[in-house]
$ cat run_14.txt   # compact mmCIF, C-alpha atoms
# COMPACT_ATOMS: atom_id res chain seq x y z
CA MET A 1186 0.00 0.00 0.00
CA ALA A 1187 1.33 3.34 -0.98
CA ALA A 1188 -0.34 5.26 1.81
CA SER A 1189 2.52 6.47 3.94
CA ALA A 1190 3.98 9.34 5.85
CA GLU A 1191 5.17 11.18 2.76
CA CYS A 1192 1.57 11.95 1.98
CA LEU A 1193 1.45 14.03 5.14
CA THR A 1194 4.10 16.41 3.86
CA THR A 1195 2.75 16.96 0.38
CA THR A 1196 0.57 19.84 1.50
CA GLY A 1197 3.62 21.82 2.63
CA ARG A 1198 2.02 22.84 5.92
CA ALA A 1199 1.03 21.39 9.22
CA PRO A 1200 -1.11 18.43 8.37
CA LEU A 1201 -3.64 19.01 11.12
CA SER A 1202 -5.07 22.13 12.57
CA SER A 1203 -3.89 22.57 16.14
CA GLY A 1204 -7.32 23.57 17.37
CA ALA A 1205 -8.99 20.44 16.15
CA ALA A 1206 -10.11 17.92 18.67
CA LEU A 1207 -7.60 15.13 18.98
CA ALA A 1208 -9.85 12.74 20.79
CA TYR A 1209 -9.62 10.16 18.08
CA ALA A 1210 -5.90 10.36 17.59
CA PRO A 1211 -4.23 7.39 19.26
CA ARG A 1212 -0.81 8.93 19.75
CA MET A 1213 0.64 12.37 19.08
CA ASP A 1214 4.04 11.19 17.93
CA HIS A 1215 2.51 9.20 15.06
CA ALA A 1216 0.27 10.21 12.22
CA PRO A 1217 -3.37 9.67 13.11
CA ASP A 1218 -4.99 6.72 11.42
CA ASP A 1219 -7.49 6.98 8.62
CA SER A 1220 -10.56 6.47 10.78
CA ALA A 1221 -9.47 9.24 13.14
CA LEU A 1222 -8.97 11.60 10.24
CA MET A 1223 -12.36 10.73 8.82
CA LEU A 1224 -14.03 11.34 12.18
CA ARG A 1225 -12.28 14.67 12.44
CA TYR A 1226 -13.48 15.59 9.00
CA LYS A 1227 -16.94 14.54 10.13
CA ASP A 1228 -16.58 17.17 12.87
CA GLY A 1229 -15.65 19.81 10.32
CA ASP A 1230 -11.88 19.54 10.14
CA VAL A 1231 -11.17 19.94 6.41
CA ALA A 1232 -7.43 19.70 6.93
CA ALA A 1233 -7.88 16.19 8.27
CA PHE A 1234 -9.66 15.23 5.09
CA GLU A 1235 -6.83 16.62 3.00
CA VAL A 1236 -4.36 14.42 4.86
CA LEU A 1237 -6.61 11.42 4.32
CA TYR A 1238 -7.03 12.24 0.66
CA ARG A 1239 -3.30 12.60 0.06
CA ARG A 1240 -2.73 9.20 1.57
CA HIS A 1241 -5.11 7.38 -0.72
CA THR A 1242 -5.41 9.42 -3.89
CA ASP A 1243 -2.67 7.84 -6.03
CA PRO A 1244 -3.36 4.15 -5.18
CA LEU A 1245 -7.07 4.69 -5.72
CA TYR A 1246 -6.44 6.45 -9.00
CA ARG A 1247 -4.21 3.62 -10.28
CA TYR A 1248 -6.71 1.02 -9.10
CA LEU A 1249 -9.50 2.68 -11.05
CA LEU A 1250 -7.30 3.40 -14.05
CA ARG A 1251 -6.26 -0.23 -14.49
CA LEU A 1252 -9.66 -1.56 -13.54
CA CYS A 1253 -11.52 0.67 -16.02
CA ARG A 1254 -8.72 0.70 -18.64
CA HIS A 1255 -9.88 4.13 -19.69
CA ARG A 1256 -8.51 7.36 -18.25
CA ASP A 1257 -11.60 9.55 -18.49
CA THR A 1258 -13.83 6.86 -17.04
CA ALA A 1259 -11.38 6.29 -14.24
CA GLU A 1260 -11.31 10.00 -13.43
CA ASP A 1261 -15.08 10.19 -13.42
CA ILE A 1262 -15.35 7.23 -11.10
CA PHE A 1263 -12.53 8.65 -9.00
CA GLN A 1264 -14.47 11.87 -8.45
CA GLU A 1265 -17.65 9.97 -7.80
CA VAL A 1266 -15.95 7.82 -5.17
CA TRP A 1267 -14.55 10.78 -3.25
CA SER A 1268 -17.82 12.61 -3.54
CA LYS A 1269 -19.59 9.67 -1.93
CA ILE A 1270 -16.97 9.48 0.79
CA ILE A 1271 -17.41 13.18 1.52
CA LYS A 1272 -21.18 12.96 1.62
CA SER A 1273 -21.23 9.84 3.76
CA ARG A 1274 -19.03 11.31 6.48
CA ALA A 1275 -22.01 12.05 8.73
CA SER A 1276 -22.94 8.38 8.87
CA TYR A 1277 -19.37 7.10 8.93
CA ARG A 1278 -18.59 4.62 11.70
CA PRO A 1279 -15.06 3.32 12.16
CA THR A 1280 -16.17 -0.30 12.30
CA ALA A 1281 -13.68 -1.44 9.64
CA LYS A 1282 -10.45 -0.28 8.10
CA PHE A 1283 -10.93 2.93 6.17
CA SER A 1284 -9.21 1.55 3.06
CA THR A 1285 -11.70 -1.33 3.03
CA PHE A 1286 -14.53 1.19 3.16
CA LEU A 1287 -12.93 3.35 0.44
CA TYR A 1288 -12.26 0.51 -2.00
CA ARG A 1289 -15.66 -0.98 -1.40
CA VAL A 1290 -17.18 2.31 -2.51
CA ALA A 1291 -14.81 2.36 -5.50
CA HIS A 1292 -15.63 -1.24 -6.41
CA ASN A 1293 -19.38 -0.51 -6.26
CA CYS A 1294 -18.97 2.60 -8.36
CA PHE A 1295 -17.05 0.61 -10.95
CA ILE A 1296 -19.76 -2.09 -11.01
CA ASP A 1297 -22.44 0.58 -11.40
CA HIS A 1298 -20.49 2.15 -14.22
CA THR A 1299 -20.06 -1.13 -16.09
CA ARG A 1300 -23.77 -1.79 -15.76
CA ARG A 1301 -24.60 1.64 -17.14
CA ASP A 1302 -22.03 1.57 -19.90
CA LYS A 1303 -22.02 -1.66 -21.85
CA ARG A 1304 -19.14 -0.41 -23.96
CA HIS A 1305 -16.88 -0.77 -20.96
CA ALA A 1306 -15.52 -4.10 -22.24
CA ARG A 1307 -14.28 -2.55 -25.48
CA ASN A 1308 -12.93 0.57 -23.82
CA THR A 1309 -9.24 -0.26 -23.53
CA GLU A 1310 -7.51 2.86 -24.69
CA PHE A 1311 -5.30 3.29 -21.62
CA LYS A 1312 -1.57 2.82 -22.31
CA PRO A 1313 0.96 3.26 -19.51
CA ASP A 1314 4.16 5.25 -19.96
CA MET A 1315 6.89 2.79 -20.87
CA HIS A 1316 9.73 5.00 -19.78
CA SER A 1317 13.17 3.55 -19.13
CA ASP A 1318 16.04 4.44 -16.89
CA PRO A 1319 18.45 6.80 -18.74
CA GLY A 1320 21.56 5.08 -17.37
CA GLU A 1321 20.32 1.66 -18.36
CA GLN A 1322 21.90 -0.24 -21.27
CA PRO A 1323 19.75 -0.20 -24.41
CA GLU A 1324 19.29 -3.96 -24.56
CA MET A 1325 18.26 -4.21 -20.94
CA ALA A 1326 15.99 -1.20 -21.29
CA THR A 1327 14.31 -2.72 -24.28
CA GLU A 1328 13.84 -6.05 -22.48
CA ARG A 1329 12.38 -4.33 -19.41
CA SER A 1330 10.11 -2.22 -21.52
CA LEU A 1331 8.85 -5.28 -23.31
CA ALA A 1332 8.23 -7.00 -19.99
CA ARG A 1333 6.17 -4.07 -18.75
CA GLU A 1334 4.16 -4.06 -21.94
CA ARG A 1335 3.47 -7.78 -21.64
CA LEU A 1336 2.46 -7.32 -18.04
CA HIS A 1337 0.18 -4.49 -19.01
CA VAL A 1338 -1.38 -6.51 -21.75
CA ALA A 1339 -1.79 -9.51 -19.47
CA LEU A 1340 -3.31 -7.38 -16.77
CA THR A 1341 -5.73 -5.81 -19.21
CA ALA A 1342 -6.67 -9.23 -20.50
CA LEU A 1343 -7.53 -10.56 -17.06
CA PRO A 1344 -11.20 -11.01 -16.25
CA ASP A 1345 -12.58 -8.08 -14.29
CA GLU A 1346 -12.96 -10.10 -11.07
CA GLN A 1347 -9.38 -11.42 -11.21
CA ARG A 1348 -7.97 -8.03 -12.12
CA ASP A 1349 -10.02 -6.45 -9.36
CA ALA A 1350 -8.67 -8.90 -6.78
CA PHE A 1351 -5.08 -8.42 -7.94
CA LEU A 1352 -5.33 -4.61 -7.93
CA LEU A 1353 -6.95 -4.58 -4.50
CA ARG A 1354 -4.01 -6.49 -3.13
CA GLU A 1355 -1.31 -4.48 -4.92
CA GLU A 1356 -2.75 -0.99 -4.69
CA ALA A 1357 -4.85 -1.06 -1.55
CA GLY A 1358 -2.74 -3.61 0.31
CA LEU A 1359 -5.80 -5.61 1.30
CA SER A 1360 -5.68 -9.16 2.57
CA VAL A 1361 -7.67 -12.02 1.03
CA ASP A 1362 -10.39 -11.56 3.65
CA GLN A 1363 -10.61 -7.85 2.97
CA ILE A 1364 -10.70 -8.46 -0.76
CA ALA A 1365 -13.59 -10.84 -0.21
CA GLN A 1366 -15.31 -8.20 1.91
CA VAL A 1367 -14.84 -5.49 -0.73
CA THR A 1368 -15.93 -7.60 -3.66
CA GLY A 1369 -18.79 -9.20 -1.80
CA SER A 1370 -17.55 -12.74 -2.30
CA ASN A 1371 -16.40 -15.44 0.07
CA ARG A 1372 -12.82 -15.94 1.07
CA GLU A 1373 -12.12 -18.96 -1.15
CA THR A 1374 -13.47 -17.23 -4.20
CA ALA A 1375 -11.31 -14.19 -3.57
CA LYS A 1376 -8.27 -16.36 -2.97
CA SER A 1377 -8.89 -18.34 -6.16
CA ARG A 1378 -9.30 -15.20 -8.24
CA LEU A 1379 -6.10 -13.81 -6.84
CA ARG A 1380 -4.17 -17.02 -7.53
CA TYR A 1381 -5.39 -17.18 -11.10
CA ALA A 1382 -4.45 -13.57 -11.70
CA VAL A 1383 -0.97 -13.95 -10.31
CA ASN A 1384 -0.30 -17.12 -12.28
CA LYS A 1385 -1.37 -15.50 -15.53
CA LEU A 1386 0.72 -12.41 -14.92
CA ARG A 1387 3.71 -14.50 -13.93
CA ALA A 1388 3.34 -16.44 -17.15
CA ALA A 1389 3.22 -13.21 -19.12
CA ILE A 1390 6.35 -11.89 -17.45
CA ASP A 1391 8.29 -15.13 -17.93
CA GLU A 1392 7.24 -15.66 -21.50
CA PRO A 1393 10.33 -14.16 -23.24
CA THR A 1394 12.71 -15.90 -20.88
CA GLU A 1395 11.11 -19.26 -21.68
CA ARG A 1396 11.46 -18.51 -25.39
CA THR A 1397 15.15 -17.79 -25.11
CA MET B 638 -1.20 -12.23 3.93
CA SER B 639 2.58 -12.58 4.07
CA ASN B 640 2.50 -16.40 4.05
CA GLU B 641 0.06 -16.30 1.19
CA ARG B 642 2.68 -14.58 -0.88
CA ASN B 643 5.43 -16.67 -2.34
CA ASP B 644 8.34 -15.81 -4.60
CA SER B 645 6.11 -15.82 -7.64
CA ASP B 646 3.82 -13.30 -6.02
CA ARG B 647 6.74 -11.05 -5.11
CA LEU B 648 8.10 -11.14 -8.68
CA VAL B 649 4.73 -10.21 -10.13
CA SER B 650 4.22 -7.57 -7.47
CA ASP B 651 7.61 -5.97 -8.15
CA ALA B 652 6.97 -6.02 -11.89
CA TYR B 653 3.58 -4.43 -11.38
CA HIS B 654 4.92 -1.61 -9.18
CA GLU B 655 7.63 -0.85 -11.75
CA LEU B 656 4.90 -0.48 -14.27
CA ALA B 657 2.39 1.41 -12.16
CA ASP B 658 3.65 4.80 -11.18
CA GLU B 659 0.82 7.02 -12.34
CA LYS B 660 -0.14 9.98 -10.20
CA THR B 661 -3.51 11.58 -9.79
CA PRO B 662 -3.84 14.67 -11.99
CA GLU B 663 -3.70 17.91 -10.01
CA THR B 664 -6.95 19.07 -11.52
CA LEU B 665 -8.66 16.06 -9.96
CA ASN B 666 -6.98 16.73 -6.62
CA ARG B 667 -8.12 20.35 -6.62
CA GLU B 668 -11.63 19.39 -7.60
CA VAL B 669 -12.01 16.79 -4.85
CA LEU B 670 -10.43 19.00 -2.17
CA ARG B 671 -12.59 21.94 -3.19
CA LEU B 672 -15.67 19.76 -2.87
CA ALA B 673 -14.51 18.46 0.51
CA ALA B 674 -13.88 21.97 1.80
CA LYS B 675 -17.24 23.20 0.54
CA GLU B 676 -19.17 20.31 2.05
CA GLY B 677 -17.21 20.34 5.28
CA ARG B 678 -17.66 24.06 5.87
CA THR B 679 -21.26 24.30 4.82
CA ARG B 680 -22.55 21.79 7.31
CA TYR B 681 -20.24 21.83 10.29
CA SER B 682 -17.66 24.57 10.21
CA ILE B 683 -20.19 27.33 9.61
CA ALA B 684 -22.35 25.95 12.37
CA ARG B 685 -19.40 25.88 14.72
CA ALA B 686 -18.37 29.37 13.64
CA TRP B 687 -21.57 30.95 14.96
CA MET B 688 -22.28 28.54 17.80
CA ARG B 689 -19.28 29.53 19.89
CA PRO B 690 -19.90 33.31 19.84
CA ALA B 691 -23.58 32.66 20.39
CA ALA B 692 -22.78 30.56 23.45
CA TRP B 693 -20.52 33.30 24.82
CA ALA B 694 -23.14 35.95 24.19
CA ALA B 695 -25.80 33.88 25.91
CA THR B 696 -23.56 33.32 28.93
CA ILE B 697 -22.73 37.00 29.26
CA GLY B 698 -26.35 37.99 28.81
CA LEU B 699 -27.55 35.60 31.49
CA SER B 700 -24.86 36.80 33.88
CA LEU B 701 -25.90 40.42 33.33
CA VAL B 702 -29.53 39.59 33.93
CA VAL B 703 -28.70 37.83 37.19
CA VAL B 704 -26.48 40.71 38.36
CA LEU B 705 -29.16 43.28 37.52
CA GLU B 706 -31.81 41.26 39.30
CA LEU B 707 -29.66 41.02 42.40
CA ALA B 708 -28.92 44.75 42.28
CA ASN B 709 -32.61 45.64 42.02
CA MET B 710 -33.71 43.23 44.71
CA PRO B 711 -34.87 44.99 47.94
CA GLU B 712 -32.76 44.41 51.04
CA SER B 713 -35.59 42.73 52.87
CA GLU B 714 -35.60 39.94 50.32
CA MET B 715 -31.86 39.61 50.57
CA ALA B 716 -31.94 39.05 54.36
CA PRO B 717 -30.50 35.70 55.29
CA LEU B 718 -32.92 32.97 56.04
CA PRO B 719 -33.28 31.87 59.69
CA GLN B 720 -30.87 29.15 60.52
CA SER B 721 -32.50 25.83 60.93
CA VAL B 722 -31.49 23.87 64.01
CA PRO B 723 -29.28 21.02 62.94
CA THR B 724 -30.36 17.63 64.12
CA GLY B 725 -28.47 14.78 65.69
CA ALA B 726 -24.80 14.37 65.03
CA ALA B 727 -24.60 17.41 62.79
CA ALA B 728 -24.58 19.75 65.78
CA ALA B 729 -21.52 20.03 67.97
CA PRO B 730 -21.94 18.85 71.61
CA GLU B 731 -21.19 22.27 73.14
CA ASP B 732 -23.58 23.96 70.82
CA SER B 733 -26.26 21.43 71.59
CA ASP B 734 -25.79 21.92 75.38
CA ARG B 735 -25.93 25.67 75.01
CA ARG B 736 -28.97 25.37 72.84
CA ARG B 737 -30.60 23.01 75.33
CA ASP B 738 -29.97 25.49 78.21
CA SER B 739 -31.39 28.34 76.23
CA THR B 740 -34.43 26.31 75.27
CA ASP B 741 -34.95 25.31 78.92
CA GLU B 742 -34.81 28.95 79.95
CA ASP B 743 -37.19 29.84 77.21
CA THR B 744 -39.65 27.17 78.23
CA MET B 745 -39.46 28.26 81.89
CA LEU B 746 -40.07 31.87 80.98
CA GLU B 747 -42.89 30.84 78.74
CA SER B 748 -44.47 28.70 81.46
CA GLN B 749 -44.14 31.54 83.99
CA ALA B 750 -45.73 33.95 81.60
CA LYS B 751 -48.53 31.48 81.01
CA GLU B 752 -49.05 31.00 84.70
CA GLU B 753 -49.15 34.72 85.28
CA GLN B 754 -51.53 35.14 82.43
CA GLN B 755 -53.76 32.36 83.76
CA ASP B 756 -53.62 33.86 87.27
CA GLY B 757 -54.62 37.22 85.93
CA LEU B 758 -57.46 35.69 84.00
CA ALA B 759 -58.55 33.71 87.05
CA LYS B 760 -58.46 36.81 89.24
CA ARG B 761 -60.38 38.76 86.73
CA SER B 762 -62.95 36.00 86.29
CA ARG B 763 -63.22 35.36 90.06
CA PRO B 764 -65.84 37.55 91.78
CA TYR B 765 -64.29 40.11 94.05
CA SER B 766 -64.53 39.43 97.69
CA PRO B 767 -66.67 41.86 99.69
CA GLU B 768 -63.60 43.48 101.15
CA GLU B 769 -62.26 44.16 97.75
CA GLN B 770 -65.54 45.52 96.52
CA MET B 771 -65.80 47.71 99.58
CA ALA B 772 -62.27 48.95 99.26
CA GLU B 773 -62.69 49.70 95.61
CA LYS B 774 -65.91 51.58 96.17
CA ALA B 775 -64.39 53.54 99.05
CA MET B 776 -61.47 54.42 96.87
CA MET B 777 -63.75 55.56 94.12
CA LEU B 778 -65.71 57.79 96.49
CA ASN B 779 -63.00 59.21 98.74
CA ASP B 780 -59.76 58.80 96.75
CA THR B 781 -58.43 56.74 99.57
CA PRO B 782 -55.53 54.37 99.04
CA VAL B 783 -56.57 50.99 97.71
CA VAL B 784 -55.72 47.85 99.50
CA SER B 785 -54.10 45.52 97.09
CA ARG B 786 -56.18 42.72 95.72
CA ASP B 787 -53.60 40.11 96.48
CA ALA B 788 -53.46 41.11 100.11
CA ALA B 789 -57.23 41.00 100.36
CA GLU B 790 -57.24 37.41 99.21
CA ASP B 791 -55.76 36.23 102.47
CA ASP B 792 -58.65 35.75 104.91
CA SER B 793 -56.61 36.56 107.97
CA VAL B 794 -55.62 39.89 106.52
CA ALA B 795 -58.86 40.58 104.79
CA ALA B 796 -60.95 41.68 107.77
CA PRO B 797 -58.59 44.24 109.26
CA SER B 798 -57.82 45.77 105.89
CA ALA B 799 -61.50 46.05 105.15
CA GLU B 800 -62.13 47.59 108.54
CA THR B 801 -59.34 50.04 108.02
CA ALA B 802 -60.82 51.05 104.74
CA LEU B 803 -64.21 51.32 106.37
CA LYS B 804 -62.91 53.45 109.21
CA GLN B 805 -61.05 55.69 106.80
CA SER B 806 -64.09 56.10 104.64
CA ALA B 807 -66.31 56.75 107.69
CA ARG B 808 -64.06 59.49 108.86
CA ALA B 809 -63.79 61.02 105.44
CA ALA B 810 -67.38 62.03 104.71
CA PRO B 811 -71.06 61.34 105.65
CA ARG B 812 -71.69 59.64 102.36
CA ALA B 813 -68.87 57.36 103.03
CA GLU B 814 -70.27 56.62 106.51
CA SER B 815 -73.63 55.50 105.21
CA PHE B 816 -71.86 53.38 102.64
CA ALA B 817 -69.79 51.82 105.40
CA VAL B 818 -72.95 50.82 107.26
CA GLY B 819 -74.14 49.02 104.18
CA ILE B 820 -70.86 47.26 103.92
CA THR B 821 -70.91 46.16 107.59
CA SER B 822 -74.39 44.76 107.19
CA LEU B 823 -72.97 42.66 104.42
CA ARG B 824 -70.29 41.42 106.83
CA VAL B 825 -72.92 40.55 109.52
CA ASP B 826 -74.68 38.26 107.08
CA GLU B 827 -71.53 36.40 106.58
CA ASP B 828 -70.61 36.28 110.33
CA TYR B 829 -67.45 38.21 109.78
CA LEU B 830 -67.42 40.45 112.87
CA CYS B 831 -66.84 38.06 115.73
CA PRO B 832 -64.53 35.22 114.90
CA ALA B 833 -65.59 31.63 115.26
CA GLU B 834 -63.27 30.91 118.18
CA ALA B 835 -64.77 33.89 120.03
CA ARG B 836 -68.21 32.45 119.52
CA LEU B 837 -67.27 29.20 121.24
CA SER B 838 -67.17 30.89 124.61
CA ALA B 839 -69.90 33.15 125.88
CA GLU B 840 -67.51 35.50 127.59
CA LYS B 841 -65.36 36.01 124.60
CA TRP B 842 -68.33 36.54 122.36
CA LEU B 843 -69.78 39.11 124.75
CA GLN B 844 -66.48 40.84 124.89
CA CYS B 845 -66.48 40.99 121.11
CA ILE B 846 -69.98 42.44 121.14
CA ARG B 847 -68.95 45.09 123.62
CA GLU B 848 -66.13 46.08 121.41
CA LEU B 849 -68.57 46.43 118.55
CA GLU B 850 -70.75 48.64 120.75
CA ALA B 851 -67.75 50.78 121.40
CA SER B 852 -67.29 51.27 117.73
CA SER B 853 -70.96 52.51 117.61
CA ALA B 854 -72.09 49.96 115.09
CA ARG B 855 -75.44 49.55 116.67
CA GLU B 856 -77.12 47.36 114.16
CA LEU B 857 -74.27 45.00 114.18
CA VAL B 858 -74.33 44.79 117.93
CA ASP B 859 -78.05 43.96 117.95
CA ARG B 860 -77.61 41.20 115.49
CA GLU B 861 -74.71 39.82 117.39
CA TYR B 862 -76.82 39.78 120.55
CA GLU B 863 -79.59 37.92 118.74
CA GLU B 864 -77.19 35.32 117.62
CA PHE B 865 -75.66 35.15 121.08
CA ARG B 866 -79.00 34.50 122.71
CA LYS B 867 -79.79 31.79 120.26
CA SER B 868 -76.53 30.09 121.05
CA PHE B 869 -76.45 30.74 124.82
CA PRO B 870 -80.10 31.20 125.90
CA GLU B 871 -79.43 30.27 129.53
CA PHE B 872 -76.41 32.61 129.89
CA GLU B 873 -77.05 35.34 132.39
CA HIS B 874 -75.42 38.45 131.19
CA PRO B 875 -75.32 41.69 133.05
CA ALA B 876 -78.10 44.16 132.61
CA ALA B 877 -75.86 46.60 130.97
CA ASP B 878 -75.55 44.12 128.14
CA ARG B 879 -79.39 43.85 127.87

$ encode --input "run_14.txt" --output "structure tokens"
Amino acid sequence: MAASAECLTTTGRAPLSSGAALAYAPRMDHAPDDSALMLRYKDGDVAAFEVLYRRHTDPLYRYLLRLCRHRDTAEDIFQEVWSKIIKSRASYRPTAKFSTFLYRVAHNCFIDHTRRDKRHARNTEFKPDMHSDPGEQPEMATERSLARERLHVALTALPDEQRDAFLLREEAGLSVDQIAQVTGSNRETAKSRLRYAVNKLRAAIDEPTERT
Amino acid sequence: MSNERNDSDRLVSDAYHELADEKTPETLNREVLRLAAKEGRTRYSIARAWMRPAAWAATIGLSLVVVLELANMPESEMAPLPQSVPTGAAAAPEDSDRRRDSTDEDTMLESQAKEEQQDGLAKRSRPYSPEEQMAEKAMMLNDTPVVSRDAAEDDSVAAPSAETALKQSARAAPRAESFAVGITSLRVDEDYLCPAEARLSAEKWLQCIRELEASSARELVDREYEEFRKSFPEFEHPAADR
């Protein structure tokens, strides 16, 4: 999971207003957890929401981008997800991990979008930047670039459920149980989907090596 | 989750993270944060912004009202309430003793006052004795000193004081003399003139009658003689005594 302390410093100012109630914060020497930030935002602390947003924005964006395979759609769903999070703050209860709550909302938004837009399956215009390290040797750079492209293609070719499970683990850092909770499936199903996805991607990565 | 991941998983994971390094566009960030700030401030921050000054204003206003009420209150209403007597163990022993003494004194004074009041009422309700009536009437007519009512109550003292008053009134004026005769007739009816022990012996009784003659109370003397003869019909008294 990419959510980390560096997100706290991206705003360039004190991450939390000093006057805000710190009742939910477990310890002062550590960054408050996501649920505490959400509860503080529920009480009107906008700065707390900004900290929370900076923690989760990039992983969520990548999750939606690779899940939707279309940039504009991903951005629309991204905005919709955060809008729902903002509007649901009054009823928010820290009963589960915030990332589970966030990705469950994102998953549901994606499902709603695919139901509304039947063209979703053909909408695969997203291409990642295949940049290479400037100091890298040309042959190695070419091989690495090809591997990335194969991985991208393999990831795009995965069924939505398998891709969803893989992205939830890699971007959100969720466990099998949490993936099952987000996707609304049982644990074995989630584990099976994840195993299939990993095996396919591993095969795609290893393909050139096997050829040589 | 860590034991679920094997080497294959780590290889795929590393390859994926090399591939995936996209960042959220800044336009999206601004849009979401603007929405969050708008929603957050509209519902809660604005409410908090006016609630705190309103609470302060209400507190100050209430304090002023209370102060003004206390300032306008008359002093009689501000007098301290009477202290209630603490009960049982709440009161100190010395205080309770002192309080007990004071209450005993109070009850004694109260009982004395009641007794005096009852005595006064009893005296007023009791009919005056003839001596008292006589003395009072004599005083009213001749401005003579009044024999006290308490002294007149005692029977042993009553007769001489009444006689004194009678003598004084007789000497004062003719009206008083005629009034004294009326009074003495009242005393004859009640056998006041000669005492009972004098009546036991004929000689003593006669001596008493002679003394009455000396005081020129003729009617009284005649009545005493009538009584004497009834009691001692066989007694031979000198001719001078009839």

$ atom_distance --input "run_14.txt" --atom1 "atom CA of A:Thr1280" --atom2 "atom CA of A:His1298"
27.0 Å

$ closest_residue --input "run_14.txt" --among "A:Glu1235, A:Asp1345, A:Asp1218, A:Glu1328" --to "chain B" --atoms "all atoms listed in the file"
A:Glu1235

$ closest_residue --input "run_14.txt" --among "A:Tyr1288, A:Tyr1277, A:Tyr1381, A:Trp1267" --to "chain B" --atoms "all atoms listed in the file"
A:Trp1267

$ interface_residues --input "run_14.txt" --of "chain A" --to "chain B" --cutoff "6 Å" --atoms "only C-alpha atoms" --output "ChimeraX atom specification"
/A:1229,1231,1243,1246,1333,1360,1387

$ write_last_selection --input "run_14.txt" --atoms "C-alpha atoms" --output "CSV table (one decimal), keeping the file's coordinate frame"
chain,number,residue,atom,x,y,z
A,1229,GLY,CA,-15.6,19.8,10.3
A,1231,VAL,CA,-11.2,19.9,6.4
A,1243,ASP,CA,-2.7,7.8,-6.0
A,1246,TYR,CA,-6.4,6.4,-9.0
A,1333,ARG,CA,6.2,-4.1,-18.8
A,1360,SER,CA,-5.7,-9.2,2.6
A,1387,ARG,CA,3.7,-14.5,-13.9

$ atom_distance --input "run_14.txt" --atom1 "atom CA of B:Arg667" --atom2 "atom CA of A:Tyr1238"
11.0 Å

$ closest_residue --input "run_14.txt" --among "A:Leu1359, A:Ala1332, A:Cys1253, A:Ile1270" --to "A:Thr1299" --atoms "all atoms listed in the file"
A:Cys1253

$ atom_distance --input "run_14.txt" --atom1 "atom CA of A:Ala1365" --atom2 "atom CA of A:Asp1391"
28.5 Å

$ residues_around --input "run_14.txt" --residues "B:Phe872" --least-positions-apart "6" --cutoff "10 Å" --atoms "all atoms listed in the file" --output "list of chain:residue names"
B:Ala839, B:Glu840, B:Phe865, B:Arg866

$ residues_around --input "run_14.txt" --residues "A:Gly1369" --least-positions-apart "4" --cutoff "12 Å" --atoms "all atoms listed in the file" --output "list in words"
Thr1285, Tyr1288, Arg1289, Val1290, His1292, Asn1293, Ile1296, Glu1346, Asp1349, Ala1350, Val1361, Asp1362, Gln1363, Ile1364, Ala1365, Glu1373, Thr1374 and Ala1375 of chain A
